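Dumped protein_1.cif below, it's mmCIF, C-alpha atoms:
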data_run
#
loop_
_atom_site.label_atom_id
_atom_site.label_comp_id
_atom_site.auth_asym_id
_atom_site.auth_seq_id
_atom_site.Cartn_x
_atom_site.Cartn_y
_atom_site.Cartn_z
CA MET A 5 2.69 13.77 47.62
CA ASN A 6 5.43 11.12 47.68
CA CYS A 7 7.72 9.51 45.08
CA HIS A 8 5.15 6.80 44.31
CA ASP A 9 2.56 9.46 43.53
CA ILE A 10 4.98 11.23 41.22
CA HIS A 11 5.53 8.03 39.21
CA ASN A 12 1.80 7.47 38.95
CA HIS A 13 0.76 11.02 38.16
CA CYS A 14 3.60 12.37 36.12
CA ASP A 15 1.66 11.98 32.85
CA THR A 16 -1.29 13.86 34.26
CA TYR A 17 1.14 16.62 35.18
CA LEU A 18 2.83 16.65 31.79
CA ASP A 19 -0.57 16.66 30.09
CA HIS A 20 -1.51 19.74 32.16
CA GLU A 21 -4.53 17.93 33.48
CA MET A 22 -3.85 18.38 37.21
CA SER A 23 -5.82 20.61 39.47
CA ASP A 24 -3.90 23.59 40.84
CA THR A 25 -3.78 22.01 44.28
CA GLN A 26 -2.34 18.73 42.95
CA LYS A 27 0.10 20.63 40.79
CA ARG A 28 1.42 22.67 43.70
CA ALA A 29 1.83 19.55 45.80
CA LEU A 30 3.67 17.75 43.01
CA GLU A 31 5.98 20.65 42.30
CA ALA A 32 6.73 21.00 45.99
CA HIS A 33 7.83 17.37 46.04
CA LEU A 34 9.97 17.85 42.94
CA GLU A 35 11.73 20.73 44.64
CA SER A 36 12.86 18.49 47.41
CA CYS A 37 13.46 15.20 45.51
CA PRO A 38 16.25 15.00 42.88
CA ALA A 39 15.27 11.43 41.92
CA CYS A 40 11.73 12.50 41.08
CA ARG A 41 13.03 15.53 39.19
CA HIS A 42 15.13 13.15 37.15
CA TYR A 43 12.16 10.86 36.65
CA MET A 44 9.96 13.72 35.49
CA GLN A 45 12.67 15.02 33.17
CA GLN A 46 13.11 11.56 31.72
CA ALA A 47 9.36 11.27 31.13
CA GLN A 48 9.44 14.54 29.21
CA ASP A 49 12.54 13.46 27.27
CA ILE A 50 10.85 10.21 26.25
CA ARG A 51 7.83 12.11 25.01
CA ASP A 52 10.02 14.45 23.01
CA ALA A 53 11.97 11.55 21.54
CA LEU A 54 8.76 9.71 20.57
CA THR A 55 7.65 12.66 18.47
CA LYS A 56 10.95 12.54 16.59
CA LEU A 57 11.03 8.83 15.77
CA GLN A 58 11.66 8.42 12.09
CA ALA A 59 10.03 5.91 9.78
CA PRO A 60 12.13 4.92 6.79
CA ALA A 61 11.05 6.46 3.52
CA MET A 62 8.84 4.43 1.25
CA ARG A 63 10.52 2.91 -1.81
CA PRO A 64 10.00 5.41 -4.62
CA ASP A 65 8.40 2.83 -6.91
CA PHE A 66 6.25 1.14 -4.30
CA ALA A 67 3.10 3.13 -5.06
CA VAL A 68 3.38 2.45 -8.77
CA GLN A 69 3.91 -1.26 -8.16
CA ALA A 70 1.06 -1.44 -5.67
CA PHE A 71 -1.45 0.09 -8.06
CA ASN A 72 -0.17 -2.00 -10.94
CA LYS A 73 -0.78 -5.08 -8.85
CA VAL A 74 -4.33 -3.98 -8.07
CA ARG A 75 -4.82 -3.30 -11.76
CA GLN A 76 -3.50 -6.70 -12.74
CA GLN A 77 -5.65 -8.46 -10.17
CA ASN A 78 -8.75 -6.73 -11.40
CA THR A 79 -7.89 -6.97 -15.06
CA ALA A 80 -7.62 -10.71 -14.56
CA VAL A 81 -11.02 -10.74 -12.91
CA ALA A 82 -12.47 -8.57 -15.65
CA GLY A 83 -10.85 -10.74 -18.27
CA SER A 84 -12.38 -13.86 -16.89
CA LYS A 85 -15.79 -12.21 -17.02
CA ARG A 86 -15.17 -10.58 -20.35
CA PHE A 87 -14.50 -13.54 -22.55
CA THR A 88 -17.98 -14.82 -22.70
CA GLY A 89 -17.92 -16.00 -26.30
CA THR A 90 -20.20 -13.38 -27.78
CA GLY A 91 -20.59 -15.41 -30.89
CA LEU A 92 -19.80 -12.74 -33.45
CA ALA A 93 -19.46 -14.26 -36.86
CA LEU A 94 -15.97 -13.21 -37.77
CA ALA A 95 -13.09 -14.29 -39.86
CA ALA A 96 -11.28 -17.44 -40.61
CA SER A 97 -9.20 -19.14 -38.01
CA LEU A 98 -5.49 -19.40 -37.50
CA ALA A 99 -4.74 -22.30 -35.27
CA LEU A 100 -2.46 -22.16 -32.32
CA ALA A 101 -1.29 -25.71 -32.05
CA GLY A 102 -4.65 -26.59 -33.49
CA ILE A 103 -6.47 -25.20 -30.49
CA VAL A 104 -6.94 -21.43 -30.72
CA GLY A 105 -7.40 -19.20 -33.69
CA VAL A 106 -7.01 -15.42 -33.71
CA PHE A 107 -8.86 -13.01 -35.96
CA ILE A 108 -9.26 -9.34 -36.29
CA TYR A 109 -12.47 -7.46 -36.81
CA GLN A 110 -12.46 -3.94 -38.15
CA PRO A 111 -15.07 -1.51 -36.91
CA ASN A 112 -15.80 -0.18 -40.36
CA SER A 113 -16.36 -3.55 -41.95
CA MET A 114 -18.97 -6.14 -41.22
CA GLU A 115 -16.96 -8.74 -43.02
CA PRO A 116 -14.41 -10.98 -41.46
CA GLN A 117 -10.90 -9.73 -42.11
CA PRO A 118 -8.23 -12.39 -41.98
CA GLU A 119 -5.83 -10.02 -43.69
CA PRO A 120 -7.46 -6.62 -43.95
CA ASN A 121 -5.38 -3.72 -45.10
CA ALA A 122 -7.18 -0.49 -44.42
CA ILE A 123 -8.95 0.70 -41.33
CA GLN A 124 -9.48 4.40 -41.32
CA ILE A 125 -9.64 6.07 -37.93
CA SER A 126 -9.09 9.63 -36.90
CA MET A 127 -6.23 10.93 -34.80
CA GLN A 128 -6.88 11.26 -31.05
CA GLN A 129 -10.22 9.51 -31.31
CA PRO A 130 -10.48 6.04 -29.88
CA LYS A 131 -11.52 3.40 -32.37
CA SER A 132 -12.13 -0.20 -31.58
CA ILE A 133 -10.21 -3.00 -33.13
CA SER A 134 -11.66 -6.33 -32.13
CA VAL A 135 -9.46 -9.37 -31.85
CA VAL A 136 -11.25 -12.67 -31.70
CA PHE A 137 -9.76 -15.76 -30.16
CA ASN A 138 -11.44 -18.84 -31.47
CA ALA A 139 -10.92 -21.69 -29.04
CA LYS A 140 -11.62 -25.22 -30.12
CA GLU A 141 -12.15 -26.24 -26.54
CA ASP A 142 -12.57 -24.63 -23.14
CA LEU A 143 -9.23 -23.44 -21.81
CA ASP A 144 -8.77 -22.80 -18.12
CA GLN A 145 -6.13 -20.16 -18.50
CA VAL A 146 -4.33 -18.36 -21.26
CA THR A 147 -2.26 -15.22 -20.98
CA ILE A 148 -3.11 -12.36 -23.26
CA SER A 149 -0.78 -9.42 -23.76
CA ILE A 150 -1.38 -6.32 -25.80
CA GLU A 151 1.73 -4.39 -26.76
CA LEU A 152 1.65 -0.99 -28.39
CA SER A 153 4.23 1.10 -30.16
CA ASP A 154 5.05 4.52 -28.72
CA ASN A 155 2.67 6.40 -30.96
CA LEU A 156 -0.39 4.40 -29.94
CA ALA A 157 -2.32 4.10 -26.73
CA LEU A 158 -5.20 2.10 -25.33
CA ASP A 159 -8.04 4.23 -24.01
CA GLY A 160 -8.07 3.87 -20.25
CA TYR A 161 -4.45 2.77 -20.04
CA ALA A 162 -2.68 6.04 -20.74
CA GLY A 163 1.08 5.66 -20.79
CA LYS A 164 1.04 1.87 -20.64
CA ARG A 165 2.78 0.17 -23.51
CA THR A 166 1.86 -3.34 -22.41
CA VAL A 167 -1.29 -4.71 -20.82
CA SER A 168 -1.29 -8.35 -19.79
CA TRP A 169 -3.68 -10.62 -17.92
CA ASN A 170 -4.73 -14.21 -17.49
CA THR A 171 -8.13 -15.39 -18.54
CA PRO A 172 -10.00 -18.56 -19.39
CA LEU A 173 -11.30 -18.96 -22.93
CA GLN A 174 -14.56 -20.61 -23.68
CA LYS A 175 -14.96 -22.95 -26.57
CA GLY A 176 -15.84 -20.88 -29.62
CA LYS A 177 -15.25 -17.19 -30.29
CA ASN A 178 -14.02 -14.91 -27.53
CA MET A 179 -13.81 -11.28 -28.51
CA LEU A 180 -11.47 -8.63 -27.17
CA SER A 181 -12.16 -5.04 -28.14
CA LEU A 182 -9.19 -2.67 -28.19
CA PRO A 183 -9.94 1.04 -28.34
CA ILE A 184 -6.82 2.41 -29.98
CA ILE A 185 -5.80 6.04 -29.97
CA ALA A 186 -3.07 7.42 -32.19
CA THR A 187 -1.00 9.98 -30.34
CA GLN A 188 1.75 10.63 -32.87
CA SER A 189 2.21 10.24 -36.56
CA GLY A 190 4.38 7.53 -38.09
CA ASN A 191 4.34 3.79 -38.27
CA GLY A 192 2.95 1.95 -35.29
CA THR A 193 2.21 -1.58 -34.24
CA VAL A 194 -0.32 -3.32 -32.06
CA ILE A 195 0.74 -6.79 -30.99
CA ALA A 196 -1.78 -9.17 -29.50
CA ARG A 197 0.05 -12.04 -27.91
CA LEU A 198 -1.63 -15.14 -26.60
CA ARG A 199 0.22 -17.65 -24.49
CA LEU A 200 -1.01 -21.12 -23.71
CA GLY A 201 1.40 -23.20 -21.68
CA ASP A 202 4.61 -23.16 -23.64
CA GLN A 203 2.97 -22.01 -26.85
CA ASP A 204 2.84 -18.44 -28.07
CA LYS A 205 0.79 -16.87 -30.79
CA THR A 206 1.61 -13.35 -31.84
CA PHE A 207 -0.75 -11.29 -33.92
CA ARG A 208 0.83 -8.14 -35.30
CA ILE A 209 -1.14 -5.19 -36.60
CA HIS A 210 0.78 -2.50 -38.46
CA VAL A 211 -0.67 0.95 -38.14
CA ASP A 212 0.15 3.97 -40.24
CA VAL A 213 -0.71 7.10 -38.37
CA ARG A 214 -1.02 10.09 -40.61
CA GLN A 215 -0.29 13.61 -39.48
CA ASN A 216 -3.27 15.04 -41.30
CA GLY A 217 -5.56 13.53 -38.73
CA SER A 218 -6.35 10.14 -40.14
CA THR A 219 -4.91 6.83 -39.13
CA GLN A 220 -4.72 3.90 -41.43
CA ILE A 221 -4.28 0.38 -40.28
CA LYS A 222 -2.88 -1.01 -43.46
CA THR A 223 -1.46 -4.43 -42.80
CA ILE A 224 -2.15 -7.28 -40.53
CA ALA A 225 0.52 -9.88 -40.34
CA PRO A 226 -0.19 -12.77 -38.04
CA THR A 227 2.86 -14.52 -36.74
CA THR A 228 2.59 -17.76 -34.91
CA LEU A 229 5.36 -19.11 -32.78
CA PHE A 230 5.13 -22.67 -31.72
CA ASN A 231 7.19 -23.75 -28.79
CA SER A 232 7.06 -27.43 -28.16
CA VAL A 233 5.74 -28.51 -24.83
CA MET B 4 -21.77 -5.81 -23.10
CA SER B 5 -18.75 -7.64 -21.78
CA ILE B 6 -16.47 -5.41 -23.83
CA ILE B 7 -17.86 -2.22 -22.36
CA LYS B 8 -17.20 -3.70 -18.95
CA LEU B 9 -13.54 -4.12 -19.79
CA TRP B 10 -12.92 -0.45 -20.40
CA SER B 11 -15.17 0.85 -17.67
CA ARG B 12 -13.08 -1.30 -15.37
CA SER B 13 -9.89 0.27 -16.62
CA LYS B 14 -11.36 3.67 -15.90
CA GLN B 15 -12.25 2.43 -12.44
CA THR B 16 -8.62 1.56 -11.75
CA ASP B 17 -7.66 5.06 -12.83
CA ARG B 18 -10.22 6.61 -10.50
CA PHE B 19 -9.03 4.34 -7.72
CA GLU B 20 -5.41 5.36 -8.21
CA ILE B 21 -6.19 9.06 -8.48
CA LEU B 22 -8.20 8.89 -5.27
CA LEU B 23 -5.77 6.89 -3.16
CA ARG B 24 -2.35 7.68 -4.58
CA PRO B 25 -1.89 10.79 -2.39
CA PHE B 26 -2.44 8.68 0.73
CA ILE B 27 0.07 5.93 -0.04
CA PRO B 28 3.09 7.54 1.71
CA PHE B 29 0.92 8.18 4.75
CA LEU B 30 -0.42 4.62 4.75
CA TYR B 31 3.03 3.17 4.27
CA LYS B 32 4.45 5.20 7.12
CA LEU B 33 1.65 4.12 9.43
CA ALA B 34 1.99 0.51 8.29
CA TRP B 35 5.71 0.66 8.95
CA ARG B 36 5.06 2.04 12.42
CA PHE B 37 2.81 -0.94 13.07
CA THR B 38 4.87 -3.69 11.48
CA ARG B 39 8.42 -2.32 11.72
CA THR B 40 9.61 -3.95 8.52
CA GLN B 41 9.48 -2.74 4.94
CA ALA B 42 8.20 -6.04 3.60
CA ASP B 43 5.35 -6.27 6.10
CA ALA B 44 4.45 -2.62 5.69
CA GLU B 45 4.27 -2.97 1.92
CA ASP B 46 2.29 -6.16 2.28
CA LEU B 47 -0.19 -4.48 4.60
CA VAL B 48 -0.72 -1.54 2.27
CA GLN B 49 -0.98 -3.80 -0.77
CA ASP B 50 -3.62 -5.91 0.93
CA LEU B 51 -5.49 -2.81 1.91
CA LEU B 52 -5.56 -1.54 -1.66
CA SER B 53 -6.74 -4.88 -2.97
CA LYS B 54 -9.56 -4.98 -0.45
CA LEU B 55 -10.59 -1.39 -1.05
CA TYR B 56 -10.71 -1.57 -4.83
CA PRO B 57 -14.19 -3.11 -5.01
CA ARG B 58 -15.40 -0.35 -2.65
CA LEU B 59 -14.37 2.54 -4.91
CA ASP B 60 -17.84 4.05 -5.08
CA GLU B 61 -18.03 4.05 -1.28
CA LEU B 62 -14.54 5.54 -0.97
CA GLU B 63 -15.41 8.43 -3.23
CA LYS B 64 -18.16 9.50 -0.86
CA ILE B 65 -16.04 9.53 2.30
CA GLU B 66 -15.34 13.02 3.60
CA ASN B 67 -12.28 12.43 5.75
CA LEU B 68 -10.63 9.71 3.74
CA ARG B 69 -7.30 9.96 5.56
CA ALA B 70 -8.87 9.16 8.94
CA TRP B 71 -11.03 6.47 7.40
CA LEU B 72 -8.01 4.83 5.79
CA ALA B 73 -6.09 4.95 9.05
CA ARG B 74 -8.98 3.14 10.73
CA VAL B 75 -9.17 0.45 8.07
CA LEU B 76 -5.41 -0.05 8.06
CA TYR B 77 -5.40 -0.31 11.85
CA ARG B 78 -8.17 -2.91 11.82
CA GLN B 79 -6.46 -4.88 9.14
CA TYR B 80 -3.25 -4.93 11.14
CA VAL B 81 -5.04 -5.93 14.34
CA ASP B 82 -6.77 -8.74 12.43
CA ARG B 83 -3.36 -9.94 11.31
CA LEU B 84 -2.10 -9.88 14.87
CA ARG B 85 -5.06 -11.95 15.96
CA LEU B 86 -4.49 -14.45 13.20
CA GLN B 87 -0.83 -14.70 14.15
CA SER B 88 -1.73 -15.23 17.78
CA ARG B 89 -3.93 -18.16 16.76
CA SER B 90 -1.33 -19.58 14.43
CA PRO B 91 0.58 -22.67 15.52
CA VAL B 92 3.65 -20.92 14.15
CA ASP B 93 4.60 -18.06 16.35
CA ILE B 94 5.85 -15.02 14.50
CA ALA B 95 6.68 -12.14 16.70
CA TYR B 96 8.39 -8.89 16.06
CA THR B 97 11.22 -8.43 18.47
CA GLY B 98 12.44 -5.07 17.33
CA MET B 99 16.11 -4.65 16.93
CA ASP B 100 17.99 -7.72 17.92
CA SER B 101 18.23 -7.32 21.65
CA ASP B 102 21.06 -9.84 21.83
CA ASP B 103 23.22 -7.52 19.80
CA GLU B 104 23.98 -4.91 22.34
CA GLN B 105 24.30 -1.63 20.58
CA GLU B 106 27.12 0.52 21.65
CA ILE B 107 25.62 3.44 23.47
CA PRO B 108 27.65 6.59 23.00
CA THR B 109 28.52 8.22 26.29
CA SER B 110 28.52 11.78 25.09
CA THR B 111 26.28 14.12 27.01
CA ARG B 112 25.52 16.48 24.12
CA PRO B 113 21.74 16.98 24.03
CA GLU B 114 21.30 15.87 20.42
CA GLN B 115 23.29 12.72 21.01
CA GLU B 116 21.43 12.02 24.22
CA GLN B 117 18.17 12.27 22.34
CA ALA B 118 19.51 10.03 19.59
CA GLN B 119 20.47 7.45 22.23
CA LEU B 120 17.06 7.74 23.76
CA MET B 121 15.38 7.19 20.40
CA VAL B 122 17.45 4.06 19.80
CA GLN B 123 16.40 2.72 23.18
CA ILE B 124 12.76 3.53 22.57
CA GLU B 125 12.81 1.79 19.20
CA ARG B 126 14.26 -1.23 20.94
CA LEU B 127 11.79 -1.22 23.79
CA LEU B 128 8.53 -0.39 22.03
CA PRO B 129 7.97 -4.00 20.94
CA ARG B 130 8.07 -5.03 24.58
CA LEU B 131 4.82 -3.24 25.24
CA ASN B 132 1.73 -5.27 24.58
CA ASP B 133 0.11 -4.67 21.18
CA ASP B 134 -2.66 -2.43 22.49
CA GLN B 135 -0.21 -0.25 24.38
CA ARG B 136 2.31 -0.14 21.56
CA LEU B 137 -0.24 0.79 18.90
CA LEU B 138 -1.77 3.44 21.11
CA LEU B 139 1.61 4.97 21.90
CA ILE B 140 2.47 4.99 18.19
CA LEU B 141 -0.79 6.64 17.23
CA HIS B 142 -0.82 9.19 20.03
CA ASP B 143 2.74 10.03 21.01
CA VAL B 144 4.51 9.26 17.74
CA GLU B 145 1.96 10.12 15.06
CA GLY B 146 0.19 12.80 17.07
CA TYR B 147 -3.40 11.61 16.77
CA THR B 148 -5.71 12.94 19.45
CA LEU B 149 -7.50 10.53 21.73
CA THR B 150 -10.76 11.44 20.04
CA GLU B 151 -9.31 10.50 16.65
CA ILE B 152 -7.89 7.29 18.11
CA GLN B 153 -11.29 6.51 19.55
CA ASP B 154 -12.62 6.55 16.01
CA ILE B 155 -9.74 4.53 14.64
CA THR B 156 -9.72 1.83 17.29
CA GLU B 157 -13.39 2.00 18.32
CA THR B 158 -12.27 2.03 21.94
CA PRO B 159 -13.83 4.29 24.60
CA ILE B 160 -11.77 7.35 25.33
CA GLY B 161 -11.53 6.57 29.04
CA THR B 162 -10.02 3.19 28.24
CA LEU B 163 -7.58 4.83 25.86
CA LYS B 164 -6.52 7.38 28.43
CA SER B 165 -5.71 4.86 31.13
CA ARG B 166 -4.09 2.56 28.57
CA LEU B 167 -1.92 5.41 27.35
CA ASN B 168 -0.76 6.20 30.86
CA ARG B 169 0.06 2.55 31.48
CA ALA B 170 1.94 2.38 28.20
CA ARG B 171 4.01 5.44 29.00
CA LYS B 172 4.77 4.21 32.49
CA LYS B 173 5.73 0.79 31.19
CA LEU B 174 8.09 2.39 28.69
CA ARG B 175 9.66 4.53 31.41
CA ASP B 176 10.06 1.47 33.62
CA LEU B 177 11.74 -0.37 30.78
CA MET B 178 14.00 2.62 30.22
CA GLU B 179 15.20 2.67 33.80
CA PRO B 180 18.09 0.19 33.44
CA PHE B 181 19.38 2.12 30.43
CA SER B 182 19.04 5.33 32.26
CA ALA B 183 20.99 3.89 35.21
CA SER B 184 23.77 2.58 32.95
CA GLU B 185 23.91 5.90 31.20
CA ARG B 186 24.39 7.63 34.52
CA VAL B 187 27.18 5.18 35.39
CA ASN B 188 28.82 5.85 32.04
CA GLN B 189 28.58 9.54 32.60
CA VAL B 190 30.15 9.23 36.02
CA LYS B 191 32.93 7.05 34.58
CA GLY B 192 33.45 9.48 31.78
CA SER B 193 33.83 12.36 34.19
CA LYS B 194 36.83 10.78 35.89
CA PRO B 195 40.19 12.30 35.02
#
Once more with this new file: its structure as structure tokens, please.
Amino acid sequence: MNCHDIHNHCDTYLDHEMSDTQKRALEAHLESCPACRHYMQQAQDIRDALTKLQAPAMRPDFAVQAFNKVRQQNTAVAGSKRFTGTGLALAASLALAGIVGVFIYQPNSMEPQPEPNAIQISMQQPKSISVVFNAKEDLDQVTISIELSDNLALDGYAGKRTVSWNTPLQKGKNMLSLPIIATQSGNGTVIARLRLGDQDKTFRIHVDVRQNGSTQIKTIAPTTLFNSV
Amino acid sequence: MSIIKLWSRSKQTDRFEILLRPFIPFLYKLAWRFTRTQADAEDLVQDLLSKLYPRLDELEKIENLRAWLARVLYRQYVDRLRLQSRSPVDIAYTGMDSDDEQEIPTSTRPEQEQAQLMVQIERLLPRLNDDQRLLLILHDVEGYTLTEIQDITETPIGTLKSRLNRARKKLRDLMEPFSASERVNQVKGSKP
């Protein structure tokens, strides 16, 4: 075996894949050749160093951000499929720059509730509040945000205080159902915010969560903010 | 019906996160090994998650999800490389800036020698071709067996074996000048 052979076969040797005969021949050459001993040692050193190469640590918040992004992407997709204008006969309209109205529908009432003041739901049991966006024309994209006070949660979005997505609205009524869970007693608020270009409409629902196990949604106070385009 | 869909979707995102969250550090590390930058590694993992989300039901049935994810991430990265190679704009990773010669310490202490060696390897890895570099990363850095890499890369094991030997030899050949200069430095350092 010569120096050229050592260079070509050193990995086979280091991988312990040589026959005994080859191994003896290679080791005999190493005994007599300092350059090849150095080469072999370097090959081993490189292997050792490769196993110790460090990758920088991931940013601590990367995973959270990555999943949030996936959630947002798919919420937007779901939103665009969701607002199909189910045509529920609900409520009077409140215009957003004369284009979109927002209503609330209470699960325990079949009547439209422009300003309802009592929805009884039980603690820790999701109950749906339906918000209806009445669009006077097809809208390619609006942004809807739902904001919750600390003592309320949306079923399926544990721990999230705000859920936001973009969606088109079809002409007519587009219903959004919000399964609300009360997690703590005290006063709470659900804010449905709709943004269209530079215009905002905020719909505020005050919730009184009672410690005895019942929750009362007692006031609905729509607030409309008009920002000129 | 559309309303039910909304909340079943939110549950789906929860299931997706619960299933994949434990693998994110692993995926990021592998992505960083491939791309060598934080931004590209994050981008690669983010893309992967976005593509996998619609396949949640399939993911939940996979037995060795870690290996499966490694394979999908690898393919995604290779696809990116191919796209880049076809792009009129050439974007290539060049590793550490080779024009900025790093000062190589001349100490002969074993730990420092290994640290020097690791710096040189990091610098030289990008000079292997992509197949060699990725194989060396998977096998010698990350410790995958050739059988596992066969699954990940869908390349015959014989091809992988010879490719691995070529990659190692190429790296050693690239190391030679550094090794020579190190020896010179050591000789200089030994003078009174």
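For the choices B:Thr156, B:Thr162, B:Gln41, B:Gln135, the atom-to-atom distance to chain A is smallest for B:Gln41 when using only C-alpha atoms.
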Original post:
Excluding same-chain residues fewer than 4 positions from Leu62 in chain B, what lies within 12 Å of it counting only C-alpha atoms, as a ChimeraX atom specification?
Top reply: /B:18-23,52,54-58,66-72,75
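Using all atoms listed in the file, the residues found no farther than 10 Å from Leu174 in chain B, other than those of its own chain fewer than 3 positions away, are Ala47 and Ile50 of chain A; Gln123, Ile124, Leu127, Leu128, Arg130, Leu131, Gln135, Arg136, Leu139, Asn168, Arg169, Ala170, Arg171, Leu177, Met178 and Glu179 of chain B.
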Subject >> Who sits within 9 Å of Tyr31 in chain B, all atoms listed in the file, same chain under 2 positions skipped, as number ranges by chain >> reply: A: 61-62; B: 26-29, 33-36, 41, 44-45, 47-48
Subject >> Nearest residue to chain A from the set B:Leu120, B:Ala42, B:Leu51, B:Leu84 (distances using all atoms listed in the file) >> reply: B:Leu120
Matched chain/residue IDs from the PyMOL selection byres ((chain A) within 7 of (chain B)), as a short mmCIF file (atom, residue, chain, number, x, y, z; two decimals) with C-alpha atoms, keeping the file's coordinate frame:
data_model
loop_
_atom_site.label_atom_id
_atom_site.label_comp_id
_atom_site.auth_asym_id
_atom_site.auth_seq_id
_atom_site.Cartn_x
_atom_site.Cartn_y
_atom_site.Cartn_z
CA ASP A 15 1.66 11.98 32.85
CA ALA A 47 9.36 11.27 31.13
CA ARG A 51 7.83 12.11 25.01
CA ALA A 53 11.97 11.55 21.54
CA LEU A 54 8.76 9.71 20.57
CA THR A 55 7.65 12.66 18.47
CA LEU A 57 11.03 8.83 15.77
CA ALA A 59 10.03 5.91 9.78
CA MET A 62 8.84 4.43 1.25
CA ALA A 67 3.10 3.13 -5.06
CA ALA A 70 1.06 -1.44 -5.67
CA PHE A 71 -1.45 0.09 -8.06
CA VAL A 74 -4.33 -3.98 -8.07
CA ARG A 75 -4.82 -3.30 -11.76
CA ALA A 82 -12.47 -8.57 -15.65
CA ARG A 86 -15.17 -10.58 -20.35
CA GLY A 160 -8.07 3.87 -20.25
CA TYR A 161 -4.45 2.77 -20.04
CA LEU A 180 -11.47 -8.63 -27.17
CA SER A 181 -12.16 -5.04 -28.14
#
Original post:
So how far away is CA of Asp60 in chain B from CA of Trp169 in chain A, in Å?
Top reply: 24.1 Å
**OP:** Return the single residue from B:Tyr77, B:Pro129, B:Lys64, B:Leu59 that is closest to Glu157 in chain B, with distances computed using all atoms listed in the file.
**Re:** B:Tyr77
Original post:
So what does the PyMOL selection byres ((chain A and resi 23-36) around 12) actually pick up in this one, as a PyMOL selection string?
Top reply: chain A and resi 5-22+37-45
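For the pair CA of Val211 in chain A and CA of Leu156 in chain A, the separation is 8.9 Å.
Computed from the coordinates, the CA of Arg74 in chain B to CA of Ile152 in chain B distance equals 8.5 Å.
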Once you add 4 Å to each side, what are the centre and edge lengths of the axis-aligned box holding all listed atoms of range 164-177 of chain A? One decimal in Å, as lines of an AutoDock Vina configuration file, if you can.
center_x = -6.5
center_y = -10.5
center_z = -23.9
size_x = 26.6
size_y = 32.8
size_z = 20.8
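Residues with any atom within 9 Å of the point (0.9, -1.0, -22.3), counting only C-alpha atoms, are A:Ser149, A:Ile150, A:Glu151, A:Leu152, A:Ser153, A:Ala157, A:Leu158, A:Tyr161, A:Ala162, A:Gly163, A:Lys164, A:Arg165, A:Thr166, A:Val167, A:Ser168.
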For range 27-38 of chain B, supply N, CA and C atoms and format the output as a PDB file, keeping the file's coordinate frame.
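Output below, filename result.pdb:
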ATOM      1  N   ILE B  27      -0.802   7.101  -0.154  1.00  0.00           N
ATOM      2  CA  ILE B  27       0.070   5.930  -0.040  1.00  0.00           C
ATOM      3  C   ILE B  27       1.266   6.179   0.892  1.00  0.00           C
ATOM      4  N   PRO B  28       1.974   7.312   0.770  1.00  0.00           N
ATOM      5  CA  PRO B  28       3.090   7.540   1.710  1.00  0.00           C
ATOM      6  C   PRO B  28       2.624   7.540   3.163  1.00  0.00           C
ATOM      7  N   PHE B  29       1.477   8.151   3.393  1.00  0.00           N
ATOM      8  CA  PHE B  29       0.920   8.180   4.750  1.00  0.00           C
ATOM      9  C   PHE B  29       0.586   6.765   5.229  1.00  0.00           C
ATOM     10  N   LEU B  30      -0.052   5.992   4.367  1.00  0.00           N
ATOM     11  CA  LEU B  30      -0.420   4.620   4.750  1.00  0.00           C
ATOM     12  C   LEU B  30       0.819   3.766   4.973  1.00  0.00           C
ATOM     13  N   TYR B  31       1.810   3.954   4.108  1.00  0.00           N
ATOM     14  CA  TYR B  31       3.030   3.170   4.270  1.00  0.00           C
ATOM     15  C   TYR B  31       3.713   3.500   5.590  1.00  0.00           C
ATOM     16  N   LYS B  32       3.788   4.782   5.875  1.00  0.00           N
ATOM     17  CA  LYS B  32       4.450   5.200   7.120  1.00  0.00           C
ATOM     18  C   LYS B  32       3.737   4.593   8.336  1.00  0.00           C
ATOM     19  N   LEU B  33       2.425   4.673   8.313  1.00  0.00           N
ATOM     20  CA  LEU B  33       1.650   4.120   9.430  1.00  0.00           C
ATOM     21  C   LEU B  33       1.837   2.599   9.494  1.00  0.00           C
ATOM     22  N   ALA B  34       1.801   1.973   8.333  1.00  0.00           N
ATOM     23  CA  ALA B  34       1.990   0.510   8.290  1.00  0.00           C
ATOM     24  C   ALA B  34       3.372   0.142   8.800  1.00  0.00           C
ATOM     25  N   TRP B  35       4.354   0.951   8.453  1.00  0.00           N
ATOM     26  CA  TRP B  35       5.710   0.660   8.950  1.00  0.00           C
ATOM     27  C   TRP B  35       5.770   0.822  10.454  1.00  0.00           C
ATOM     28  N   ARG B  36       5.098   1.850  10.959  1.00  0.00           N
ATOM     29  CA  ARG B  36       5.060   2.040  12.420  1.00  0.00           C
ATOM     30  C   ARG B  36       4.485   0.790  13.093  1.00  0.00           C
ATOM     31  N   PHE B  37       3.453   0.234  12.476  1.00  0.00           N
ATOM     32  CA  PHE B  37       2.810  -0.940  13.070  1.00  0.00           C
ATOM     33  C   PHE B  37       3.707  -2.175  12.955  1.00  0.00           C
ATOM     34  N   THR B  38       4.225  -2.395  11.765  1.00  0.00           N
ATOM     35  CA  THR B  38       4.870  -3.690  11.480  1.00  0.00           C
ATOM     36  C   THR B  38       6.373  -3.684  11.703  1.00  0.00           C
TER      37      THR B  38
END
